[in-house]
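Participant: First the structure, then my questions, so here it is.
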Amino acid sequence: MQLSSLRGHSAELVRIIRKSPQPGDAIASEYFRSKKYLGGADRRFISGLVFQTLRTLSLSEAIAAHLSLEDVVHGAHLLQDNSENVDLSFIGDLPFHIQINTQEWLLSSTQKRWPDDSADVWRAMMNSAPLVLRVNLRRVTRNSVLQKLVEEGIDCTIGPLSPAAIIVNQRVNLQQHPLYTGGFVEVQDEGSQLIGYACAPNEDDNILDACAGAGGKSLHLADIQSDKGRITAHDIEWNRLKEVPTRANRAGIRSVWASVDDGRKQSRQPRAESQQLDARHPTLYDIVLVDAPCSGMGTVRRLPMPKWRLNEASLKRHVRKQQSVLKEYAPHVREGGVLVYSTCSILPEENERVIEHFLSEHPDFQPDPLAPCFEKYGIHIPDLHTSASHMFQADPFHHGTDGLFMARMKKIPL
């Protein structure tokens, strides 16, 4: 297909995504299903250009406007392939937040954490995210999986942080691969894998994954526990949880149970529990993981549009929800037990500030160091500066991961 047609399809898909609240990857999949005449190479080009456009939207729009180009996709394509050596020196005169493709107030927010290199973090967010696998280590070694993939000509390397991570360095769909269908690997970002190790569970711990979603972290915790504990994967919507039983069965896991609280107390699946978590008469757990709803500012390499849609009012709503969720689930931690808070955000307002607020209002919780938890699994994080640090922010510039925050607290007697 000619370049003009490819850019035309890309521009159409960008317009659809920008108008829709649905995730861009889901919209792209539906678009390609409706255009069956597009070949594999055409789809890869269009998908790459579309998400290049969405990740670099402010700069691409500025380029298109300055050069009087047809649309924003043409500006993004110049950033991707300037083989005609178009003069783009004017970019250096643009406002700095436009050059690094974020909103000005978001840059100001992240400068509170990274005064010197917040711009580098946002630049790293402009790149595409790699495919990362998590090996189910109780079933197979990472080296054996790596060797199998390399033998098949797949370019991949071990992750530098998580002992279970394999980073795939090429575009490849592994979800039909026997390693995936056989339950030997899951798709999970390396930063997300660190959250399981931050929990550092004992094998027989009773764990509540309070905002479990599709259950990725629950399954990882079960693997860390050698499937010997009990994990309640809890959420308020069954649509989020419904894949948990299937995924658990595929991985050969029996210790994860899906618990839905949709206000109707109904069990909808053989492996689902009908259970409402009552803070007045709480079930107590050794570990409670609260992977709180957030802005998603740490995952904009994969889902770029929230970066452009978020405003300060909606951020404040996220923060109120995060504070409320932590307060709701804290009573379910037994005395001496652990509360782990996490988000897929890089904004201090959703992360450090939420933890500071929680600890100020809950004297029965105290910071609990993360470094010993990671060291238990041979994980060394250079910028986890002190052994006393109970909070950690991963990001694509410093760690090569999505932007993931985690904090660990212990419940103490008063």
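Residue names in the structure tokens use chain letters A, B, ... in the order shown, residue numbers from 1 in each chain, and ligand numbers from 1 in the order shown.
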Neighbouring residues of range 246-249 of chain A were defined as those with any atom within 12 Å, considering only C-alpha atoms; residues of the same chain fewer than 3 positions away were excluded. Please report them as a PyMOL selection string.

Facilitator: chain A and resi 136+180-187+214-223+227+231+233+241-243+252-258+269-272

Participant: Excluding range 292-298 of chain A and residues on its chain fewer than 4 positions from it, collect all residues at most 10 Å away from it, counting only C-alpha atoms, and give them as a VMD selection string.

Facilitator: chain A and resid 106 121 to 122 125 210 to 213 302 to 307 309 to 311 314 to 315 317 to 319 321 to 326 341 to 347 350 to 351 393 to 396 401 to 405

Participant: For the residues in that selection, give me N, CA and C atoms as a short mmCIF file (atom, residue, chain, number, x, y, z; two decimals), in the first residue's frame.

Facilitator:
data_model
loop_
_atom_site.label_atom_id
_atom_site.label_comp_id
_atom_site.auth_asym_id
_atom_site.auth_seq_id
_atom_site.Cartn_x
_atom_site.Cartn_y
_atom_site.Cartn_z
N LEU A 106 1.64 18.69 34.46
CA LEU A 106 2.15 17.36 34.75
C LEU A 106 3.67 17.38 34.88
N VAL A 121 12.31 11.46 32.07
CA VAL A 121 11.24 10.49 32.32
C VAL A 121 10.14 10.65 31.27
N TRP A 122 9.73 11.90 31.02
CA TRP A 122 8.69 12.12 30.02
C TRP A 122 9.17 11.75 28.62
N MET A 125 8.77 8.20 28.18
CA MET A 125 7.37 7.85 27.98
C MET A 125 6.94 7.96 26.52
N ALA A 210 -6.85 -6.52 47.08
CA ALA A 210 -8.12 -5.81 47.26
C ALA A 210 -8.70 -5.24 45.97
N CYS A 211 -7.88 -4.81 45.06
CA CYS A 211 -8.33 -4.24 43.79
C CYS A 211 -7.68 -5.06 42.67
N ALA A 212 -8.09 -6.30 42.57
CA ALA A 212 -7.32 -7.29 41.82
C ALA A 212 -7.42 -7.16 40.31
N GLY A 213 -8.49 -6.57 39.80
CA GLY A 213 -8.64 -6.49 38.36
C GLY A 213 -8.63 -7.87 37.73
N ARG A 302 1.99 2.67 26.70
CA ARG A 302 1.05 1.69 26.16
C ARG A 302 -0.31 2.30 25.86
N LEU A 303 -0.76 3.18 26.74
CA LEU A 303 -2.08 3.82 26.63
C LEU A 303 -1.87 5.33 26.72
N PRO A 304 -1.57 5.98 25.60
CA PRO A 304 -1.14 7.39 25.64
C PRO A 304 -2.23 8.40 25.98
N MET A 305 -3.50 8.14 25.63
CA MET A 305 -4.50 9.19 25.70
C MET A 305 -4.74 9.76 27.11
N PRO A 306 -4.66 8.96 28.19
CA PRO A 306 -4.86 9.57 29.52
C PRO A 306 -3.90 10.72 29.80
N LYS A 307 -2.72 10.71 29.18
CA LYS A 307 -1.77 11.80 29.39
C LYS A 307 -2.34 13.13 28.91
N ARG A 309 -5.74 13.69 28.49
CA ARG A 309 -7.09 13.92 29.01
C ARG A 309 -7.11 14.29 30.48
N LEU A 310 -6.08 13.90 31.22
CA LEU A 310 -6.07 14.16 32.65
C LEU A 310 -6.01 15.66 32.92
N ASN A 311 -6.80 16.11 33.89
CA ASN A 311 -6.70 17.50 34.36
C ASN A 311 -6.59 17.49 35.87
N SER A 314 -9.65 16.07 37.82
CA SER A 314 -9.78 14.61 37.82
C SER A 314 -8.68 13.95 38.65
N LEU A 315 -7.48 14.56 38.69
CA LEU A 315 -6.43 14.04 39.55
C LEU A 315 -6.86 14.09 41.01
N ARG A 317 -9.83 13.89 42.13
CA ARG A 317 -10.81 12.82 42.34
C ARG A 317 -10.11 11.48 42.54
N HIS A 318 -9.06 11.23 41.74
CA HIS A 318 -8.29 10.00 41.92
C HIS A 318 -7.70 9.93 43.34
N VAL A 319 -7.15 11.05 43.79
CA VAL A 319 -6.51 11.08 45.11
C VAL A 319 -7.53 10.80 46.21
N LYS A 321 -10.24 9.08 45.94
CA LYS A 321 -10.58 7.66 45.84
C LYS A 321 -9.47 6.80 46.45
N GLN A 322 -8.23 7.14 46.18
CA GLN A 322 -7.10 6.37 46.72
C GLN A 322 -7.07 6.44 48.24
N GLN A 323 -7.27 7.62 48.78
CA GLN A 323 -7.31 7.75 50.23
C GLN A 323 -8.46 6.94 50.83
N SER A 324 -9.59 6.95 50.14
CA SER A 324 -10.76 6.21 50.62
C SER A 324 -10.54 4.70 50.57
N VAL A 325 -9.92 4.22 49.47
CA VAL A 325 -9.69 2.78 49.33
C VAL A 325 -8.72 2.29 50.39
N LEU A 326 -7.64 3.03 50.63
CA LEU A 326 -6.69 2.64 51.67
C LEU A 326 -7.38 2.57 53.03
N TYR A 341 0.62 -0.63 49.24
CA TYR A 341 -0.12 0.27 48.35
C TYR A 341 0.65 0.42 47.06
N SER A 342 -0.06 0.36 45.93
CA SER A 342 0.63 0.53 44.65
C SER A 342 -0.28 1.26 43.66
N THR A 343 0.36 1.92 42.69
CA THR A 343 -0.35 2.53 41.57
C THR A 343 0.50 2.38 40.32
N CYS A 344 -0.12 2.58 39.17
CA CYS A 344 0.64 2.67 37.92
C CYS A 344 0.72 4.14 37.50
N SER A 345 1.21 4.96 38.43
CA SER A 345 1.33 6.40 38.22
C SER A 345 2.73 6.86 38.60
N ILE A 346 3.14 8.00 38.02
CA ILE A 346 4.41 8.63 38.40
C ILE A 346 4.18 9.96 39.11
N LEU A 347 2.94 10.27 39.46
CA LEU A 347 2.62 11.56 40.05
C LEU A 347 2.71 11.48 41.57
N GLU A 350 -0.50 11.14 43.78
CA GLU A 350 -1.18 9.85 43.91
C GLU A 350 -0.36 8.83 44.69
N ASN A 351 0.88 9.17 44.96
CA ASN A 351 1.79 8.18 45.51
C ASN A 351 2.29 8.59 46.89
N GLN A 393 9.57 4.22 43.53
CA GLN A 393 8.96 4.59 42.27
C GLN A 393 9.81 4.07 41.12
N ALA A 394 9.25 3.16 40.34
CA ALA A 394 9.91 2.69 39.12
C ALA A 394 9.43 3.53 37.94
N ASP A 395 10.26 3.67 36.92
CA ASP A 395 9.88 4.46 35.75
C ASP A 395 10.72 4.03 34.55
N PRO A 396 10.30 4.38 33.34
CA PRO A 396 11.01 3.88 32.15
C PRO A 396 12.40 4.48 31.94
N THR A 401 11.09 0.25 33.07
CA THR A 401 9.78 -0.34 33.33
C THR A 401 8.68 0.68 33.09
N ASP A 402 7.43 0.25 33.21
CA ASP A 402 6.34 1.21 33.32
C ASP A 402 6.54 2.02 34.60
N GLY A 403 5.78 3.09 34.74
CA GLY A 403 5.83 3.88 35.96
C GLY A 403 4.98 3.24 37.04
N LEU A 404 5.62 2.55 37.97
CA LEU A 404 4.91 1.84 39.05
C LEU A 404 5.42 2.33 40.40
N PHE A 405 4.48 2.63 41.28
CA PHE A 405 4.82 3.06 42.64
C PHE A 405 4.38 1.99 43.62
#

Participant: Pick out the residues sitting within 12 Å of Leu88 in chain A, and hand them over as a PDB file with C-alpha atoms, in the first residue's frame; count only C-alpha atoms, and ignore anything fewer than 3 positions along from it in its own chain.

Facilitator:
ATOM      1  CA  LEU A  59       4.843  17.983  19.475  1.00  0.00           C
ATOM      2  CA  SER A  60       3.318  16.390  16.377  1.00  0.00           C
ATOM      3  CA  ALA A  62       3.057  21.771  16.721  1.00  0.00           C
ATOM      4  CA  ILE A  63       5.080  20.393  13.789  1.00  0.00           C
ATOM      5  CA  ALA A  64       1.970  19.996  11.638  1.00  0.00           C
ATOM      6  CA  HIS A  66       4.333  25.086  11.808  1.00  0.00           C
ATOM      7  CA  LEU A  67       4.828  23.312   8.479  1.00  0.00           C
ATOM      8  CA  GLY A  75       3.854  15.628  11.910  1.00  0.00           C
ATOM      9  CA  LEU A  78       8.298  13.340  10.367  1.00  0.00           C
ATOM     10  CA  LEU A  79       9.442  12.586  13.898  1.00  0.00           C
ATOM     11  CA  ASN A  82      12.647  12.469   8.384  1.00  0.00           C
ATOM     12  CA  GLU A  84      13.904  14.134   3.359  1.00  0.00           C
ATOM     13  CA  ASN A  85      15.759  16.163   5.989  1.00  0.00           C
ATOM     14  CA  ILE A  91      11.287  22.541  17.767  1.00  0.00           C
ATOM     15  CA  GLY A  92      13.906  24.003  20.110  1.00  0.00           C
ATOM     16  CA  ASP A  93      11.878  27.224  20.307  1.00  0.00           C
ATOM     17  CA  LEU A  94       8.662  25.511  21.348  1.00  0.00           C
ATOM     18  CA  GLN A  99       8.979  19.362  23.267  1.00  0.00           C
TER      19      GLN A  99
END

Participant: From range 51-176 of chain A, collect each residue whose DSSP state is strand (DSSP E) and return the set as a PyMOL selection string.

Facilitator: chain A and resi 131-135+156-158+165-168

Participant: Quick one: which range 44-154 of chain A residues come within 6 Å of range 1-21 of chain A, and what is the nearest atom pair for each with the distance in Å to one decimal, counting only C-alpha atoms, rows ordered by chain and ascending number, as a tab-separated table?

Facilitator:
residue	atom	partner	partner_atom	distance
A:Ile46	CA	A:Ser10	CA	5.3
A:Val50	CA	A:Ser10	CA	5.5
A:Val73	CA	A:Ala11	CA	5.7

Participant: Export, as a PDB file, in the first residue's frame, the selected residues with N, CA and C atoms.

Facilitator:
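The result, written out as result-v2.pdb:
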ATOM      1  N   ILE A  46       0.655   1.034  10.280  1.00  0.00           N
ATOM      2  CA  ILE A  46      -0.410   1.919  10.771  1.00  0.00           C
ATOM      3  C   ILE A  46      -0.424   1.953  12.295  1.00  0.00           C
ATOM      4  N   VAL A  50       0.209   5.289  14.411  1.00  0.00           N
ATOM      5  CA  VAL A  50      -0.890   5.780  15.248  1.00  0.00           C
ATOM      6  C   VAL A  50      -0.409   6.005  16.675  1.00  0.00           C
ATOM      7  N   VAL A  73      -0.879  13.385  12.013  1.00  0.00           N
ATOM      8  CA  VAL A  73      -0.164  12.156  11.672  1.00  0.00           C
ATOM      9  C   VAL A  73       1.055  12.454  10.809  1.00  0.00           C
TER      10      VAL A  73
END

Participant: Using only C-alpha atoms, pick whichever of A:Asp205, A:Trp308, A:Leu49, A:Asp235 has the shortest atom-to-atom distance to Ile98 in chain A.

Facilitator: A:Trp308

Participant: Find the spatial neighbours of Gly378 in chain A, counting only C-alpha atoms, within a cut-off of 12 Å - ignore same-chain residues fewer than 6 positions away - and output them as number ranges by chain.

Facilitator: A: 160-164, 194, 197, 200, 371-372
